[in-house]
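Chemist: I'd like to ask some things about the structure below.
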Amino acid sequence: MNLTDKLTILADAAKYDVACTSSGVDRAAKKGMVGSAKACGICHSFAADGRCISLLKILLSNACIYDCQCCVNRRTNDVPRATFTPDEVAELTLNFYRRNYIEGLFLSSAVIKDPNYTMELMHKTLFIIRNQYKFNGYIHIKAIPGADPELLRMTGLLADRMSVNIELPSEESLKTLAPDKSKNSILEPMSYIKNGITQSKNEVALYKHAPQFVPAGQSTQMIVGATPETDKKIVDLAAGLYKKYRLRRVFYSAYQPLVENNAVIPIDRPPLLREHRLYQSDWLLRFYGFNANEILDDRNPMLNLNLDPKCNWALNNIHMFPIEVNTADYYELLRVPGIGPTSAERIVAARRTATLDFSNLKKLGIVLKRAKYFITCSGKMLERVPLIPERLEMRLSEHKVSLEHQQITMESFLPKPRLALPGEIRHALSG
């Protein structure tokens, strides 16, 4: 099989991994090396399905020994198989980079033979890229659960970010859909990477030229909708992962049915809107100071598809509103729908020199479309709307989603993603 055919297969197989985001590192170019990982150097675009693309995103191999029911690369699925050599991945990365097609590498893999064998190949790939080709750009690599910690350490010293996919929201779901994996096999490397990052930071504090272990931190991904877990279970899990393993990101992937007539997993995919609401909840956890039990509770275990989670929280806690923008503290302002960290900072700074009114808020760039229902300026509201949750929900609803239409996705309204033309691929490989 030639390199172009391998690239076609393994780039397509990697599209189900959504953990592709900004680098999180700010490493400048170095003399004698190619590329940089400056934050501004990772330029992003978006595929037709909304996924962020900026890196050469491929699998090392899709010839997997596992039989996870929710994975297109499982061993019982009849799909074309291919495996890159470490030299081929290194050659592809540099050729695509030199032609300005990509700014870095996102490398994952199915499990070939066993976890250690796969991790050894991935380490060798990064070693060639960093040392033989002197590539100084951004690299995100997936750690293989079950691999030896020493292999993780050596690979982490060459990568910018590592991630271990938690795959499914509960151990019961893993046993059902991914019986070859276990909760411990996934959490152990997460813990090792967290400890390695902490140790590396301590060493760099003592000696600034100490080698850095995974300087951009670690992330994970979970599939949403393949199993019956509630949104509360997913949000609680994400909050626990952030706290215990200090993750940079938790990514959510709406389940996409890969086979028909499978009794174990559903045929219909969940709405992309549910995935979107989970990302909004994740934002509240990371940047707005919300606790998981504030977003969802046992009485309301699913996110409201008609409202963003912050608006939904505000309507459920309407007794806390309206708040006075001239006296409320920063964290109270963050709880107002439509006011984010930047807007809250501007309000706190501006009111030190003047009493704010609604015209002042507009000049500060505060969007009042939602906030106007929950704030006052010197005791006055912009619109005299009764603070009745049912009436406010009608004004704030973003999507009118009925139960019978919850399985409709946006896919049919989106253009099909454009794949690289054979001539473009040959041009990249010719270098």
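Scheme for the structure tokens: letters A, B, ... for chains in order shown; per-chain residue numbers from 1; ligand numbers from 1 in order shown.
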Within 7 Å of stretch 204-221 of chain A, counting only C-alpha atoms, which residues qualify if same-chain residues fewer than 6 places away don't, as a PyMOL selection string?
Modeler: chain A and resi 19+23-25+156-157+159-167+196-197+247-252
Chemist: Quick one: residues within 9 Å of A:Ala292, only C-alpha atoms, excluding same-chain residues fewer than 6 positions away - as a ChimeraX atom specification?
Modeler: /A:232,235-239,281,284-285
Chemist: Using only C-alpha atoms, can you tell me which of A:Ala226, A:Leu364, A:Ala82, A:Leu94 comes closest to A:Tyr255?
Modeler: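 The closest residue to A:Tyr255 is A:Ala226.
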Chemist: Tell me, as a short mmCIF file (atom, residue, chain, number, x, y, z; two decimals) with C-alpha atoms, in the first residue's frame, which residues lie within 12 Å of A:His276, counting only C-alpha atoms; anything in the same chain fewer than 3 positions away does not count.
Modeler:
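What landed in selection_8.cif:
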```
data_model
loop_
_atom_site.label_atom_id
_atom_site.label_comp_id
_atom_site.auth_asym_id
_atom_site.auth_seq_id
_atom_site.Cartn_x
_atom_site.Cartn_y
_atom_site.Cartn_z
CA GLY A 50 -17.94 22.12 12.77
CA VAL A 224 -22.17 11.17 24.58
CA ASP A 231 -26.22 14.88 31.54
CA PHE A 251 -14.11 17.06 25.04
CA TYR A 252 -17.58 15.69 24.30
CA SER A 253 -18.42 13.80 21.13
CA ALA A 254 -22.03 13.16 20.12
CA PRO A 270 -28.19 12.24 19.97
CA PRO A 271 -28.67 15.82 18.80
CA LEU A 272 -25.56 17.90 18.29
CA LEU A 273 -27.38 20.46 20.44
CA TYR A 279 -19.68 22.30 26.24
CA GLN A 280 -21.52 25.33 27.64
CA SER A 281 -21.81 23.59 31.02
CA ASP A 282 -18.12 22.74 30.84
CA TRP A 283 -17.39 26.44 30.31
CA LEU A 303 -29.84 19.92 30.29
CA ASN A 304 -32.56 22.14 28.86
CA LEU A 305 -32.09 22.13 25.09
CA ASN A 306 -34.09 25.33 24.71
CA LEU A 307 -31.89 27.39 27.05
CA ASP A 308 -28.18 27.66 27.61
CA PRO A 309 -27.22 26.27 31.05
CA THR A 409 -29.19 16.68 13.56
#
```
Chemist: Rounded to one decimal, what separation in Å do you get between atom CA of A:Asn293 and atom CA of A:Ile318?
Modeler: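 If I compute the distance from atom CA of A:Asn293 to atom CA of A:Ile318, I get 16.9 Å.
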Chemist: Can you work out which one of A:Leu105, A:Met122, A:Ala350, A:Met1 has the shortest atom-to-atom distance to A:Leu60, counting only C-alpha atoms?
Modeler: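 Smallest distance to A:Leu60 is found for A:Met122.
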